[in-house]
file input.cif (mmCIF, C-alpha atoms)
data_work
loop_
_atom_site.label_atom_id
_atom_site.label_comp_id
_atom_site.auth_asym_id
_atom_site.auth_seq_id
_atom_site.Cartn_x
_atom_site.Cartn_y
_atom_site.Cartn_z
CA MET A 1 126.95 199.00 17.28
CA THR A 2 128.50 201.30 14.73
CA ALA A 3 130.48 204.50 14.99
CA ALA A 4 129.80 207.61 12.94
CA GLY A 5 130.31 206.86 9.27
CA GLY A 6 129.11 203.24 9.46
CA ALA A 7 132.37 201.69 10.70
CA PRO A 8 131.96 199.13 13.51
CA TYR A 9 132.68 200.50 16.99
CA ARG A 10 135.70 199.01 18.70
CA ARG A 11 136.44 199.59 22.33
CA PRO A 12 139.97 200.88 22.86
CA ARG A 13 142.37 198.35 24.38
CA ILE A 14 143.46 198.87 27.95
CA ARG A 15 147.20 199.08 28.28
CA PRO A 16 148.89 197.14 31.10
CA LYS A 17 149.96 200.36 32.83
CA GLU A 18 146.36 201.62 32.80
CA ALA A 19 145.07 198.24 34.02
CA GLY A 20 147.39 198.46 37.04
CA LYS A 21 146.10 201.93 37.87
CA SER A 22 142.52 200.73 37.47
CA PHE A 23 143.15 197.77 39.80
CA LEU A 24 144.85 199.98 42.40
CA PHE A 25 141.99 202.48 42.30
CA THR A 26 139.38 199.71 42.68
CA PHE A 27 141.34 198.12 45.54
CA ILE A 28 141.57 201.42 47.42
CA ILE A 29 137.84 202.06 46.97
CA VAL A 30 136.98 198.55 48.23
CA VAL A 31 139.19 199.03 51.32
CA ILE A 32 137.56 202.38 52.09
CA LEU A 33 134.10 200.88 51.59
CA ALA A 34 134.93 197.97 53.90
CA ALA A 35 136.19 200.37 56.58
CA PHE A 36 133.06 202.48 56.18
CA LEU A 37 130.67 199.51 56.45
CA SER A 38 132.50 197.61 59.22
CA PRO A 39 130.66 199.36 62.11
CA LEU A 40 127.35 198.38 60.51
CA LEU A 41 128.45 194.75 60.23
CA ARG A 42 129.69 194.78 63.83
CA SER A 43 126.39 196.21 65.08
CA VAL A 44 124.47 193.44 63.28
CA PHE A 45 126.74 190.80 64.86
CA VAL A 46 126.33 192.31 68.34
CA SER A 47 122.55 192.51 67.93
CA LEU A 48 122.46 188.76 67.25
CA LYS A 49 124.52 187.76 70.31
CA THR A 50 123.10 186.45 73.56
CA PRO A 51 123.47 188.75 76.60
CA GLU A 52 125.86 186.21 78.14
CA GLN A 53 128.15 186.22 75.09
CA VAL A 54 128.38 190.01 74.97
CA GLY A 55 130.05 190.03 78.38
CA GLN A 56 132.44 187.10 77.84
CA LEU A 57 136.06 187.96 77.14
CA ASP A 58 136.88 184.80 75.17
CA ALA A 59 133.79 185.02 72.93
CA PRO A 60 134.30 185.26 69.16
CA PRO A 61 133.20 188.42 67.32
CA TYR A 62 130.32 186.59 65.61
CA PRO A 63 127.16 185.37 67.42
CA ALA A 64 127.91 181.98 68.92
CA VAL A 65 127.40 179.80 71.97
CA HIS A 66 130.06 177.65 73.56
CA GLY A 67 129.63 173.96 73.14
CA THR A 68 128.43 171.71 75.94
CA PHE A 69 127.99 167.96 76.17
CA ASP A 70 125.91 165.83 78.56
CA TYR A 71 127.88 162.85 79.86
CA GLU A 72 126.64 160.52 82.60
CA GLY A 73 124.00 163.00 83.78
CA LYS A 74 126.25 166.06 83.94
CA THR A 75 126.89 168.87 81.48
CA TYR A 76 130.49 169.61 80.52
CA ASP A 77 132.08 172.40 78.47
CA VAL A 78 133.62 171.49 75.11
CA TYR A 79 137.17 172.64 74.29
CA ASP A 80 139.35 172.48 71.18
CA VAL A 81 142.10 170.04 72.16
CA PRO A 82 145.23 169.37 70.08
CA ILE A 83 145.62 165.58 69.88
CA ASP A 84 147.81 163.60 67.45
CA GLY A 85 148.58 166.63 65.28
CA ALA A 86 144.90 167.54 64.87
CA THR A 87 142.46 169.62 66.88
CA LYS A 88 139.38 167.84 68.21
CA SER A 89 136.39 169.19 70.10
CA LEU A 90 136.30 167.29 73.40
CA ALA A 91 134.25 167.72 76.58
CA LEU A 92 136.33 168.40 79.69
CA VAL A 93 135.23 165.87 82.33
CA LYS A 94 138.02 166.07 84.93
CA LYS A 95 140.21 169.16 85.27
CA GLY A 96 143.83 168.78 86.30
CA ARG A 97 147.03 170.81 86.48
CA GLU A 98 149.26 168.50 84.46
CA THR A 99 146.73 166.16 82.85
CA SER A 100 143.00 166.39 82.24
CA GLN A 101 140.41 163.87 81.15
CA PHE A 102 138.11 164.47 78.22
CA VAL A 103 135.36 162.58 76.45
CA ASP A 104 134.71 162.72 72.72
CA PRO A 105 131.11 163.89 72.11
CA ALA A 106 131.13 162.05 68.77
CA ASN A 107 132.10 158.76 70.46
CA ALA A 108 131.25 158.88 74.16
CA ALA A 109 131.20 155.09 74.41
CA ALA A 110 134.98 155.02 73.83
CA GLY A 111 135.50 156.31 77.37
CA LEU A 112 137.75 158.98 78.79
CA ILE A 113 140.76 160.41 76.96
CA THR A 114 143.70 161.58 79.07
CA TRP A 115 145.43 164.68 77.72
CA GLU A 116 148.80 165.99 78.88
CA GLY A 117 148.84 169.75 79.43
CA SER A 118 147.05 172.57 81.19
CA TRP A 119 143.37 172.76 80.26
CA ARG A 120 143.42 176.49 81.06
CA ASN A 121 145.41 177.13 77.86
CA LEU A 122 142.70 175.58 75.68
CA THR A 123 140.06 177.58 73.85
CA ARG A 124 136.41 176.72 74.15
CA ALA A 125 134.62 175.36 71.11
CA TRP A 126 132.05 177.81 69.76
CA THR A 127 129.20 177.14 67.34
CA PHE A 128 127.56 179.82 65.22
CA SER A 129 124.19 180.57 66.79
CA PRO A 130 122.45 183.85 65.96
CA GLU A 131 119.77 184.87 68.45
CA TRP A 132 117.00 186.12 66.15
CA ALA A 133 114.64 186.45 69.12
CA ASN A 134 116.56 189.58 70.16
CA TYR A 135 114.68 191.55 67.50
CA ALA A 136 111.29 190.34 68.76
CA THR A 137 112.30 191.24 72.32
CA VAL A 138 113.23 194.77 71.29
CA TRP A 139 110.01 195.12 69.28
CA ASP A 140 108.02 194.16 72.41
CA GLN A 141 109.99 196.40 74.78
CA ILE A 142 109.82 199.64 72.79
CA ASN A 143 106.99 201.25 70.86
CA TYR A 144 108.74 200.88 67.48
CA PRO A 145 105.85 202.03 65.25
CA ARG A 146 105.62 205.30 67.20
CA LEU A 147 109.39 205.82 67.01
CA LEU A 148 109.32 205.18 63.27
CA PHE A 149 106.46 207.67 62.82
CA ASN A 150 108.36 210.32 64.82
CA THR A 151 111.48 209.79 62.70
CA VAL A 152 109.60 210.04 59.41
CA ALA A 153 107.67 213.12 60.61
CA ILE A 154 110.85 214.95 61.67
CA ALA A 155 112.56 214.07 58.39
CA LEU A 156 109.58 215.28 56.32
CA ILE A 157 109.19 218.52 58.32
CA GLY A 158 112.91 219.21 57.94
CA MET A 159 112.81 218.48 54.21
CA ILE A 160 109.75 220.69 53.64
CA GLY A 161 111.32 223.48 55.70
CA THR A 162 114.52 223.25 53.66
CA LEU A 163 112.61 223.36 50.36
CA ILE A 164 110.53 226.35 51.43
CA SER A 165 113.48 228.31 52.73
#
call {"tool": "encode", "arguments": {"input": "input.cif", "output": "structure tokens"}}
result
Amino acid sequence: MTAAGGAPYRRPRIRPKEAGKSFLFTFIIVVILAAFLSPLLRSVFVSLKTPEQVGQLDAPPYPAVHGTFDYEGKTYDVYDVPIDGATKSLALVKKGRETSQFVDPANAAAGLITWEGSWRNLTRAWTFSPEWANYATVWDQINYPRLLFNTVAIALIGMIGTLIS
């Protein structure tokens, strides 16, 4: 690319002071955009949750189900348990005030693990599990094509009325 007169075009250099202003401006715009779009993201997350998860107080903000494990014919809830400086997901088999017994879902044959502490202070283990069937359920429960037609018709009538006036 050449400038007028045949000389090659050179983009002006950005000075450090101007680069800082440019970064600050971009950062502020990204923060405003994130704040503006966050309700949309939250509504998508809520639409993918199960009805049970929506009402649970300890549920994460993303669509998930709490972990369970079948051990000796019974189903037990899975909790994140701090053991030996690490956190492991273990199924709570026997609840206790001072000590509780857990089983490791990855190695159930190892037997029960006794843990010192109150199991009530533990958080349940959640796994990401979007419920895509929610959209099919809504589609079946409401007459979506008719609602879409009504919306488009009102928008077009309003637009035509605005143009004419």
call {"tool": "residues_around", "arguments": {"input": "input.cif", "residues": "Asp70 of chain A", "least_positions_apart": "4", "cutoff": "10 Å", "atoms": "only C-alpha atoms", "output": "list in words"}}
result
Lys74, Thr75, Tyr76, Asp77, Ala91, Pro105 and Ala108 of chain A
call {"tool": "resolve_selection", "arguments": {"input": "input.cif", "expression": "the PyMOL selection byres ((chain A and resi 128) around 9)", "output": "ChimeraX atom specification"}}
result
/A:62-66,126-127,129-130
call {"tool": "residues_around", "arguments": {"input": "input.cif", "residues": "Gln101 of chain A", "least_positions_apart": "5", "cutoff": "9 Å", "atoms": "only C-alpha atoms", "output": "list of chain:residue names"}}
result
A:Ala91, A:Leu92, A:Val93, A:Lys94, A:Lys95, A:Gly96, A:Leu112, A:Ile113, A:Thr114, A:Trp115, A:Glu116
call {"tool": "residues_around", "arguments": {"input": "input.cif", "residues": "Tyr79 of chain A", "least_positions_apart": "3", "cutoff": "6 Å", "atoms": "all atoms listed in the file", "output": "PDB file with C-alpha atoms, in the frame of the given file"}}
result
ATOM      1  CA  SER A  89     136.390 169.190  70.100  1.00  0.00           C
ATOM      2  CA  LEU A  90     136.300 167.290  73.400  1.00  0.00           C
ATOM      3  CA  THR A 123     140.060 177.580  73.850  1.00  0.00           C
ATOM      4  CA  ARG A 124     136.410 176.720  74.150  1.00  0.00           C
ATOM      5  CA  ALA A 125     134.620 175.360  71.110  1.00  0.00           C
TER       6      ALA A 125
END
call {"tool": "atom_distance", "arguments": {"input": "input.cif", "atom1": "atom CA of Arg97 of chain A", "atom2": "atom CA of Arg120 of chain A"}}
result
8.6 Å
call {"tool": "atom_distance", "arguments": {"input": "input.cif", "atom1": "atom CA of Val46 of chain A", "atom2": "atom CA of Pro61 of chain A"}}
result
8.0 Å
call {"tool": "closest_residue", "arguments": {"input": "input.cif", "among": "A:Ala35, A:Leu122, A:Ile142, A:Leu41", "to": "Asp80 of chain A", "atoms": "all atoms listed in the file"}}
result
A:Leu122
call {"tool": "atom_distance", "arguments": {"input": "input.cif", "atom1": "atom CA of Gly111 of chain A", "atom2": "atom CA of Lys88 of chain A"}}
result
15.2 Å
call {"tool": "resolve_selection", "arguments": {"input": "input.cif", "expression": "the PyMOL selection byres ((chain A and resi 131) around 6)", "output": "PyMOL selection string"}}
result
chain A and resi 48-49+130+132-134
call {"tool": "closest_residue", "arguments": {"input": "input.cif", "among": "A:Asp104, A:Thr137, A:Leu147, A:Glu72", "to": "Thr87 of chain A", "atoms": "all atoms listed in the file"}}
result
A:Asp104
call {"tool": "build_atoms", "arguments": {"input": "input.cif", "residues": "segment 127-138 of chain A", "atoms": "all heavy atoms", "output": "PDB file, in the frame of the given file"}}
result
ATOM      1  N   THR A 127     130.002 177.440  68.529  1.00  0.00           N
ATOM      2  CA  THR A 127     129.200 177.140  67.340  1.00  0.00           C
ATOM      3  C   THR A 127     128.376 178.372  66.996  1.00  0.00           C
ATOM      4  O   THR A 127     127.828 179.032  67.884  1.00  0.00           O
ATOM      5  CB  THR A 127     128.274 175.937  67.570  1.00  0.00           C
ATOM      6  OG1 THR A 127     127.457 176.194  68.714  1.00  0.00           O
ATOM      7  CG2 THR A 127     129.062 174.667  67.785  1.00  0.00           C
ATOM      8  N   PHE A 128     128.309 178.661  65.709  1.00  0.00           N
ATOM      9  CA  PHE A 128     127.560 179.820  65.220  1.00  0.00           C
ATOM     10  C   PHE A 128     126.100 179.669  65.601  1.00  0.00           C
ATOM     11  O   PHE A 128     125.471 178.658  65.295  1.00  0.00           O
ATOM     12  CB  PHE A 128     127.714 179.931  63.702  1.00  0.00           C
ATOM     13  CG  PHE A 128     127.027 181.120  63.107  1.00  0.00           C
ATOM     14  CD1 PHE A 128     127.539 182.386  63.283  1.00  0.00           C
ATOM     15  CD2 PHE A 128     125.859 180.971  62.385  1.00  0.00           C
ATOM     16  CE1 PHE A 128     126.912 183.493  62.740  1.00  0.00           C
ATOM     17  CE2 PHE A 128     125.214 182.063  61.837  1.00  0.00           C
ATOM     18  CZ  PHE A 128     125.743 183.328  62.015  1.00  0.00           C
ATOM     19  N   SER A 129     125.564 180.660  66.310  1.00  0.00           N
ATOM     20  CA  SER A 129     124.190 180.570  66.790  1.00  0.00           C
ATOM     21  C   SER A 129     123.596 181.971  66.939  1.00  0.00           C
ATOM     22  O   SER A 129     123.620 182.551  68.023  1.00  0.00           O
ATOM     23  CB  SER A 129     124.139 179.843  68.127  1.00  0.00           C
ATOM     24  OG  SER A 129     122.827 179.801  68.616  1.00  0.00           O
ATOM     25  N   PRO A 130     123.062 182.523  65.845  1.00  0.00           N
ATOM     26  CA  PRO A 130     122.450 183.850  65.960  1.00  0.00           C
ATOM     27  C   PRO A 130     121.160 183.791  66.775  1.00  0.00           C
ATOM     28  O   PRO A 130     120.393 182.833  66.681  1.00  0.00           O
ATOM     29  CB  PRO A 130     122.177 184.249  64.511  1.00  0.00           C
ATOM     30  CG  PRO A 130     122.118 182.975  63.758  1.00  0.00           C
ATOM     31  CD  PRO A 130     122.990 182.000  64.485  1.00  0.00           C
ATOM     32  N   GLU A 131     120.937 184.792  67.579  1.00  0.00           N
ATOM     33  CA  GLU A 131     119.770 184.870  68.450  1.00  0.00           C
ATOM     34  C   GLU A 131     118.753 185.832  67.819  1.00  0.00           C
ATOM     35  O   GLU A 131     118.699 187.007  68.140  1.00  0.00           O
ATOM     36  CB  GLU A 131     120.192 185.367  69.838  1.00  0.00           C
ATOM     37  CG  GLU A 131     119.152 185.259  70.902  1.00  0.00           C
ATOM     38  CD  GLU A 131     118.823 183.833  71.278  1.00  0.00           C
ATOM     39  OE1 GLU A 131     119.670 182.943  71.160  1.00  0.00           O
ATOM     40  OE2 GLU A 131     117.678 183.611  71.699  1.00  0.00           O
ATOM     41  N   TRP A 132     117.967 185.295  66.875  1.00  0.00           N
ATOM     42  CA  TRP A 132     117.000 186.120  66.150  1.00  0.00           C
ATOM     43  C   TRP A 132     115.910 186.651  67.057  1.00  0.00           C
ATOM     44  O   TRP A 132     115.264 187.648  66.750  1.00  0.00           O
ATOM     45  CB  TRP A 132     116.402 185.337  64.983  1.00  0.00           C
ATOM     46  CG  TRP A 132     117.424 184.960  63.968  1.00  0.00           C
ATOM     47  CD1 TRP A 132     117.975 183.729  63.775  1.00  0.00           C
ATOM     48  CD2 TRP A 132     118.065 185.817  63.003  1.00  0.00           C
ATOM     49  NE1 TRP A 132     118.902 183.758  62.765  1.00  0.00           N
ATOM     50  CE2 TRP A 132     118.970 185.041  62.268  1.00  0.00           C
ATOM     51  CE3 TRP A 132     117.960 187.175  62.704  1.00  0.00           C
ATOM     52  CZ2 TRP A 132     119.764 185.557  61.259  1.00  0.00           C
ATOM     53  CZ3 TRP A 132     118.747 187.693  61.694  1.00  0.00           C
ATOM     54  CH2 TRP A 132     119.634 186.888  60.987  1.00  0.00           C
ATOM     55  N   ALA A 133     115.678 186.012  68.184  1.00  0.00           N
ATOM     56  CA  ALA A 133     114.640 186.450  69.120  1.00  0.00           C
ATOM     57  C   ALA A 133     114.955 187.815  69.729  1.00  0.00           C
ATOM     58  O   ALA A 133     114.065 188.461  70.285  1.00  0.00           O
ATOM     59  CB  ALA A 133     114.447 185.412  70.208  1.00  0.00           C
ATOM     60  N   ASN A 134     116.209 188.262  69.634  1.00  0.00           N
ATOM     61  CA  ASN A 134     116.560 189.580  70.160  1.00  0.00           C
ATOM     62  C   ASN A 134     115.723 190.673  69.498  1.00  0.00           C
ATOM     63  O   ASN A 134     115.325 191.642  70.147  1.00  0.00           O
ATOM     64  CB  ASN A 134     118.043 189.879  69.941  1.00  0.00           C
ATOM     65  CG  ASN A 134     118.929 189.037  70.812  1.00  0.00           C
ATOM     66  OD1 ASN A 134     118.480 188.419  71.767  1.00  0.00           O
ATOM     67  ND2 ASN A 134     120.211 189.005  70.494  1.00  0.00           N
ATOM     68  N   TYR A 135     115.455 190.543  68.206  1.00  0.00           N
ATOM     69  CA  TYR A 135     114.680 191.550  67.500  1.00  0.00           C
ATOM     70  C   TYR A 135     113.223 191.566  67.986  1.00  0.00           C
ATOM     71  O   TYR A 135     112.631 192.634  68.137  1.00  0.00           O
ATOM     72  CB  TYR A 135     114.749 191.332  65.991  1.00  0.00           C
ATOM     73  CG  TYR A 135     116.126 191.584  65.433  1.00  0.00           C
ATOM     74  CD1 TYR A 135     116.878 190.551  64.907  1.00  0.00           C
ATOM     75  CD2 TYR A 135     116.675 192.848  65.445  1.00  0.00           C
ATOM     76  CE1 TYR A 135     118.148 190.773  64.404  1.00  0.00           C
ATOM     77  CE2 TYR A 135     117.948 193.089  64.936  1.00  0.00           C
ATOM     78  CZ  TYR A 135     118.676 192.042  64.416  1.00  0.00           C
ATOM     79  OH  TYR A 135     119.922 192.268  63.915  1.00  0.00           O
ATOM     80  N   ALA A 136     112.661 190.404  68.239  1.00  0.00           N
ATOM     81  CA  ALA A 136     111.290 190.340  68.760  1.00  0.00           C
ATOM     82  C   ALA A 136     111.228 190.931  70.167  1.00  0.00           C
ATOM     83  O   ALA A 136     110.263 191.619  70.516  1.00  0.00           O
ATOM     84  CB  ALA A 136     110.802 188.894  68.774  1.00  0.00           C
ATOM     85  N   THR A 137     112.251 190.695  70.964  1.00  0.00           N
ATOM     86  CA  THR A 137     112.300 191.240  72.320  1.00  0.00           C
ATOM     87  C   THR A 137     112.324 192.766  72.285  1.00  0.00           C
ATOM     88  O   THR A 137     111.587 193.432  73.019  1.00  0.00           O
ATOM     89  CB  THR A 137     113.527 190.701  73.074  1.00  0.00           C
ATOM     90  OG1 THR A 137     113.463 189.276  73.087  1.00  0.00           O
ATOM     91  CG2 THR A 137     113.583 191.230  74.488  1.00  0.00           C
ATOM     92  N   VAL A 138     113.160 193.317  71.411  1.00  0.00           N
ATOM     93  CA  VAL A 138     113.230 194.770  71.290  1.00  0.00           C
ATOM     94  C   VAL A 138     111.910 195.329  70.787  1.00  0.00           C
ATOM     95  O   VAL A 138     111.427 196.359  71.264  1.00  0.00           O
ATOM     96  CB  VAL A 138     114.399 195.186  70.356  1.00  0.00           C
ATOM     97  CG1 VAL A 138     114.328 196.649  69.994  1.00  0.00           C
ATOM     98  CG2 VAL A 138     115.724 194.883  71.019  1.00  0.00           C
TER      99      VAL A 138
END
